[in-house]
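Engineer: I'd like to ask some things about the structure below.
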Amino acid sequence: VKRYYFDYQLFVNKLPSNLTKEVLMAYFSKFGAVKNIVLVPYVKIGISEEYLHCYIKFADDNSVHKVFSLPKLEINSKDFKAFRTYRIG
């Protein structure tokens, strides 16, 4: 039987391509202690849109819940999406 375990990590996509790790750290630190941020290379969508993706690892589950408690996720006036990651054990 496979079991799925949620960890304290989010996959975040559709971020503005000009964001830095420091800006992301400042934004996500509002929700709790951030252990790590891993940036994924830019992905070009369509003719002119470039987006940044990243993984955000928090120190605890409460921080993840705080992110999802917001009605809308935005940074620098741009909407983005976040998804909870999990591991199979």
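Starting from 1 in every chain, residues are counted up; chains themselves are A, B, ... following the order of the structure tokens, and ligands are numbered from 1 as listed.
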Taking the DSSP secondary structure from the backbone, can you list the residues of chain A that are alpha helix (DSSP H), as a PDB file with N, CA and C atoms, in the first residue's frame?

Structural biologist:
```pdb
ATOM      1  N   LYS A  21      15.751  35.429  -5.435  1.00  0.00           N
ATOM      2  CA  LYS A  21      15.585  34.578  -4.269  1.00  0.00           C
ATOM      3  C   LYS A  21      15.340  35.426  -3.008  1.00  0.00           C
ATOM      4  N   GLU A  22      16.003  36.571  -2.939  1.00  0.00           N
ATOM      5  CA  GLU A  22      15.848  37.456  -1.776  1.00  0.00           C
ATOM      6  C   GLU A  22      14.429  38.021  -1.683  1.00  0.00           C
ATOM      7  N   VAL A  23      13.863  38.401  -2.806  1.00  0.00           N
ATOM      8  CA  VAL A  23      12.486  38.918  -2.817  1.00  0.00           C
ATOM      9  C   VAL A  23      11.509  37.816  -2.405  1.00  0.00           C
ATOM     10  N   LEU A  24      11.717  36.619  -2.921  1.00  0.00           N
ATOM     11  CA  LEU A  24      10.853  35.490  -2.551  1.00  0.00           C
ATOM     12  C   LEU A  24      10.994  35.156  -1.070  1.00  0.00           C
ATOM     13  N   MET A  25      12.209  35.206  -0.551  1.00  0.00           N
ATOM     14  CA  MET A  25      12.434  34.936   0.872  1.00  0.00           C
ATOM     15  C   MET A  25      11.696  35.956   1.736  1.00  0.00           C
ATOM     16  N   ALA A  26      11.779  37.218   1.372  1.00  0.00           N
ATOM     17  CA  ALA A  26      11.090  38.267   2.133  1.00  0.00           C
ATOM     18  C   ALA A  26       9.578  38.068   2.092  1.00  0.00           C
ATOM     19  N   TYR A  27       9.051  37.712   0.940  1.00  0.00           N
ATOM     20  CA  TYR A  27       7.604  37.529   0.797  1.00  0.00           C
ATOM     21  C   TYR A  27       7.129  36.318   1.603  1.00  0.00           C
ATOM     22  N   PHE A  28       7.754  35.166   1.422  1.00  0.00           N
ATOM     23  CA  PHE A  28       7.268  33.941   2.054  1.00  0.00           C
ATOM     24  C   PHE A  28       7.625  33.862   3.539  1.00  0.00           C
ATOM     25  N   ASP A  61       4.307  22.888   9.120  1.00  0.00           N
ATOM     26  CA  ASP A  61       3.081  22.796   8.339  1.00  0.00           C
ATOM     27  C   ASP A  61       2.185  24.016   8.503  1.00  0.00           C
ATOM     28  N   ASN A  62       2.235  24.655   9.650  1.00  0.00           N
ATOM     29  CA  ASN A  62       1.404  25.833   9.900  1.00  0.00           C
ATOM     30  C   ASN A  62       1.678  26.937   8.882  1.00  0.00           C
ATOM     31  N   SER A  63       2.924  27.084   8.485  1.00  0.00           N
ATOM     32  CA  SER A  63       3.300  28.098   7.496  1.00  0.00           C
ATOM     33  C   SER A  63       2.627  27.824   6.151  1.00  0.00           C
ATOM     34  N   VAL A  64       2.582  26.556   5.766  1.00  0.00           N
ATOM     35  CA  VAL A  64       1.926  26.180   4.513  1.00  0.00           C
ATOM     36  C   VAL A  64       0.441  26.537   4.568  1.00  0.00           C
ATOM     37  N   HIS A  65      -0.188  26.242   5.686  1.00  0.00           N
ATOM     38  CA  HIS A  65      -1.618  26.564   5.840  1.00  0.00           C
ATOM     39  C   HIS A  65      -1.866  28.071   5.760  1.00  0.00           C
ATOM     40  N   LYS A  66      -0.957  28.859   6.281  1.00  0.00           N
ATOM     41  CA  LYS A  66      -1.100  30.317   6.199  1.00  0.00           C
ATOM     42  C   LYS A  66      -1.085  30.806   4.759  1.00  0.00           C
ATOM     43  N   VAL A  67      -0.223  30.215   3.927  1.00  0.00           N
ATOM     44  CA  VAL A  67      -0.174  30.595   2.510  1.00  0.00           C
ATOM     45  C   VAL A  67      -1.529  30.326   1.856  1.00  0.00           C
ATOM     46  N   PHE A  68      -2.089  29.142   2.119  1.00  0.00           N
ATOM     47  CA  PHE A  68      -3.349  28.767   1.484  1.00  0.00           C
ATOM     48  C   PHE A  68      -4.567  29.432   2.111  1.00  0.00           C
TER      49      PHE A  68
END
```

Engineer: I want to know what sits within 9 Å of stretch 7-14 of chain A, based on only C-alpha atoms, with residues of the same chain fewer than 4 positions away left out; could you give that as a list in words?

Structural biologist: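 That gives Glu50, Tyr51, Leu52, His53, Cys54, Tyr55, Ile56, Lys57, Phe58, Ala59, Asp60, Asp61, Asn62, Ser63, Val64, Lys78, Asp79, Phe80, Lys81, Ala82, Phe83, Arg84, Thr85, Tyr86 and Arg87 of chain A.
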
Engineer: Those same residues - N, CA and C atoms - I'd like them written as a PDB file, in the first residue's frame.

Structural biologist:
```pdb
ATOM      1  N   GLU A  50       7.348  35.091 -19.958  1.00  0.00           N
ATOM      2  CA  GLU A  50       8.305  34.236 -19.264  1.00  0.00           C
ATOM      3  C   GLU A  50       7.908  34.191 -17.795  1.00  0.00           C
ATOM      4  N   TYR A  51       7.950  32.993 -17.236  1.00  0.00           N
ATOM      5  CA  TYR A  51       7.592  32.828 -15.834  1.00  0.00           C
ATOM      6  C   TYR A  51       8.711  32.127 -15.087  1.00  0.00           C
ATOM      7  N   LEU A  52       8.782  32.421 -13.799  1.00  0.00           N
ATOM      8  CA  LEU A  52       9.721  31.768 -12.898  1.00  0.00           C
ATOM      9  C   LEU A  52       8.933  30.779 -12.049  1.00  0.00           C
ATOM     10  N   HIS A  53       9.520  29.638 -11.781  1.00  0.00           N
ATOM     11  CA  HIS A  53       8.923  28.646 -10.890  1.00  0.00           C
ATOM     12  C   HIS A  53       9.904  28.392  -9.757  1.00  0.00           C
ATOM     13  N   CYS A  54       9.397  27.945  -8.614  1.00  0.00           N
ATOM     14  CA  CYS A  54      10.302  27.643  -7.510  1.00  0.00           C
ATOM     15  C   CYS A  54       9.663  26.679  -6.526  1.00  0.00           C
ATOM     16  N   TYR A  55      10.503  26.130  -5.682  1.00  0.00           N
ATOM     17  CA  TYR A  55      10.067  25.317  -4.555  1.00  0.00           C
ATOM     18  C   TYR A  55      10.400  26.098  -3.285  1.00  0.00           C
ATOM     19  N   ILE A  56       9.441  26.170  -2.392  1.00  0.00           N
ATOM     20  CA  ILE A  56       9.623  26.852  -1.104  1.00  0.00           C
ATOM     21  C   ILE A  56       9.473  25.799  -0.009  1.00  0.00           C
ATOM     22  N   LYS A  57      10.489  25.633   0.811  1.00  0.00           N
ATOM     23  CA  LYS A  57      10.434  24.670   1.916  1.00  0.00           C
ATOM     24  C   LYS A  57      10.319  25.432   3.224  1.00  0.00           C
ATOM     25  N   PHE A  58       9.229  25.188   3.957  1.00  0.00           N
ATOM     26  CA  PHE A  58       9.006  25.821   5.254  1.00  0.00           C
ATOM     27  C   PHE A  58       9.479  24.908   6.378  1.00  0.00           C
ATOM     28  N   ALA A  59       9.615  25.484   7.563  1.00  0.00           N
ATOM     29  CA  ALA A  59      10.045  24.720   8.733  1.00  0.00           C
ATOM     30  C   ALA A  59       8.901  23.925   9.349  1.00  0.00           C
ATOM     31  N   ASP A  60       7.653  24.338   9.086  1.00  0.00           N
ATOM     32  CA  ASP A  60       6.521  23.636   9.689  1.00  0.00           C
ATOM     33  C   ASP A  60       5.271  23.736   8.812  1.00  0.00           C
ATOM     34  N   ASP A  61       4.307  22.888   9.120  1.00  0.00           N
ATOM     35  CA  ASP A  61       3.081  22.796   8.339  1.00  0.00           C
ATOM     36  C   ASP A  61       2.185  24.016   8.503  1.00  0.00           C
ATOM     37  N   ASN A  62       2.235  24.655   9.650  1.00  0.00           N
ATOM     38  CA  ASN A  62       1.404  25.833   9.900  1.00  0.00           C
ATOM     39  C   ASN A  62       1.678  26.937   8.882  1.00  0.00           C
ATOM     40  N   SER A  63       2.924  27.084   8.485  1.00  0.00           N
ATOM     41  CA  SER A  63       3.300  28.098   7.496  1.00  0.00           C
ATOM     42  C   SER A  63       2.627  27.824   6.151  1.00  0.00           C
ATOM     43  N   VAL A  64       2.582  26.556   5.766  1.00  0.00           N
ATOM     44  CA  VAL A  64       1.926  26.180   4.513  1.00  0.00           C
ATOM     45  C   VAL A  64       0.441  26.537   4.568  1.00  0.00           C
ATOM     46  N   LYS A  78       1.262  40.809  -9.241  1.00  0.00           N
ATOM     47  CA  LYS A  78       1.067  39.723 -10.200  1.00  0.00           C
ATOM     48  C   LYS A  78       0.566  38.479  -9.458  1.00  0.00           C
ATOM     49  N   ASP A  79      -0.490  37.882  -9.973  1.00  0.00           N
ATOM     50  CA  ASP A  79      -1.016  36.653  -9.389  1.00  0.00           C
ATOM     51  C   ASP A  79      -0.074  35.488  -9.672  1.00  0.00           C
ATOM     52  N   PHE A  80      -0.026  34.553  -8.726  1.00  0.00           N
ATOM     53  CA  PHE A  80       0.724  33.322  -8.949  1.00  0.00           C
ATOM     54  C   PHE A  80      -0.018  32.171  -8.299  1.00  0.00           C
ATOM     55  N   LYS A  81       0.414  30.965  -8.582  1.00  0.00           N
ATOM     56  CA  LYS A  81      -0.232  29.770  -8.051  1.00  0.00           C
ATOM     57  C   LYS A  81       0.754  28.981  -7.210  1.00  0.00           C
ATOM     58  N   ALA A  82       0.232  28.353  -6.161  1.00  0.00           N
ATOM     59  CA  ALA A  82       1.051  27.513  -5.292  1.00  0.00           C
ATOM     60  C   ALA A  82       0.357  26.166  -5.119  1.00  0.00           C
ATOM     61  N   PHE A  83       1.167  25.119  -5.073  1.00  0.00           N
ATOM     62  CA  PHE A  83       0.649  23.763  -4.911  1.00  0.00           C
ATOM     63  C   PHE A  83       1.461  23.055  -3.848  1.00  0.00           C
ATOM     64  N   ARG A  84       0.780  22.274  -3.058  1.00  0.00           N
ATOM     65  CA  ARG A  84       1.456  21.514  -2.015  1.00  0.00           C
ATOM     66  C   ARG A  84       2.158  20.303  -2.626  1.00  0.00           C
ATOM     67  N   THR A  85       3.373  20.028  -2.176  1.00  0.00           N
ATOM     68  CA  THR A  85       4.074  18.845  -2.669  1.00  0.00           C
ATOM     69  C   THR A  85       3.949  17.722  -1.641  1.00  0.00           C
ATOM     70  N   TYR A  86       4.180  16.518  -2.091  1.00  0.00           N
ATOM     71  CA  TYR A  86       4.130  15.373  -1.205  1.00  0.00           C
ATOM     72  C   TYR A  86       5.153  14.346  -1.631  1.00  0.00           C
ATOM     73  N   ARG A  87       5.401  13.403  -0.745  1.00  0.00           N
ATOM     74  CA  ARG A  87       6.321  12.322  -1.051  1.00  0.00           C
ATOM     75  C   ARG A  87       5.585  11.009  -0.826  1.00  0.00           C
TER      76      ARG A  87
END
```

Engineer: When you draw a straight line from atom CA of A:Pro41 to atom CA of A:Ser69, how long is it in Å?

Structural biologist: 27.7 Å

Engineer: Report the distance between atom CA of A:Ile75 and atom CA of A:Tyr5 in Å, rounded to one decimal place.

Structural biologist: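 For atom CA of A:Ile75 relative to atom CA of A:Tyr5, the distance reads 28.5 Å.
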
Engineer: DSSP says strand (DSSP E or B) for which residues of chain A? Put them as an NGL selection string?

Structural biologist: :A and (4-16 or 34-45 or 49-58 or 74-75 or 78-79 or 81-88)
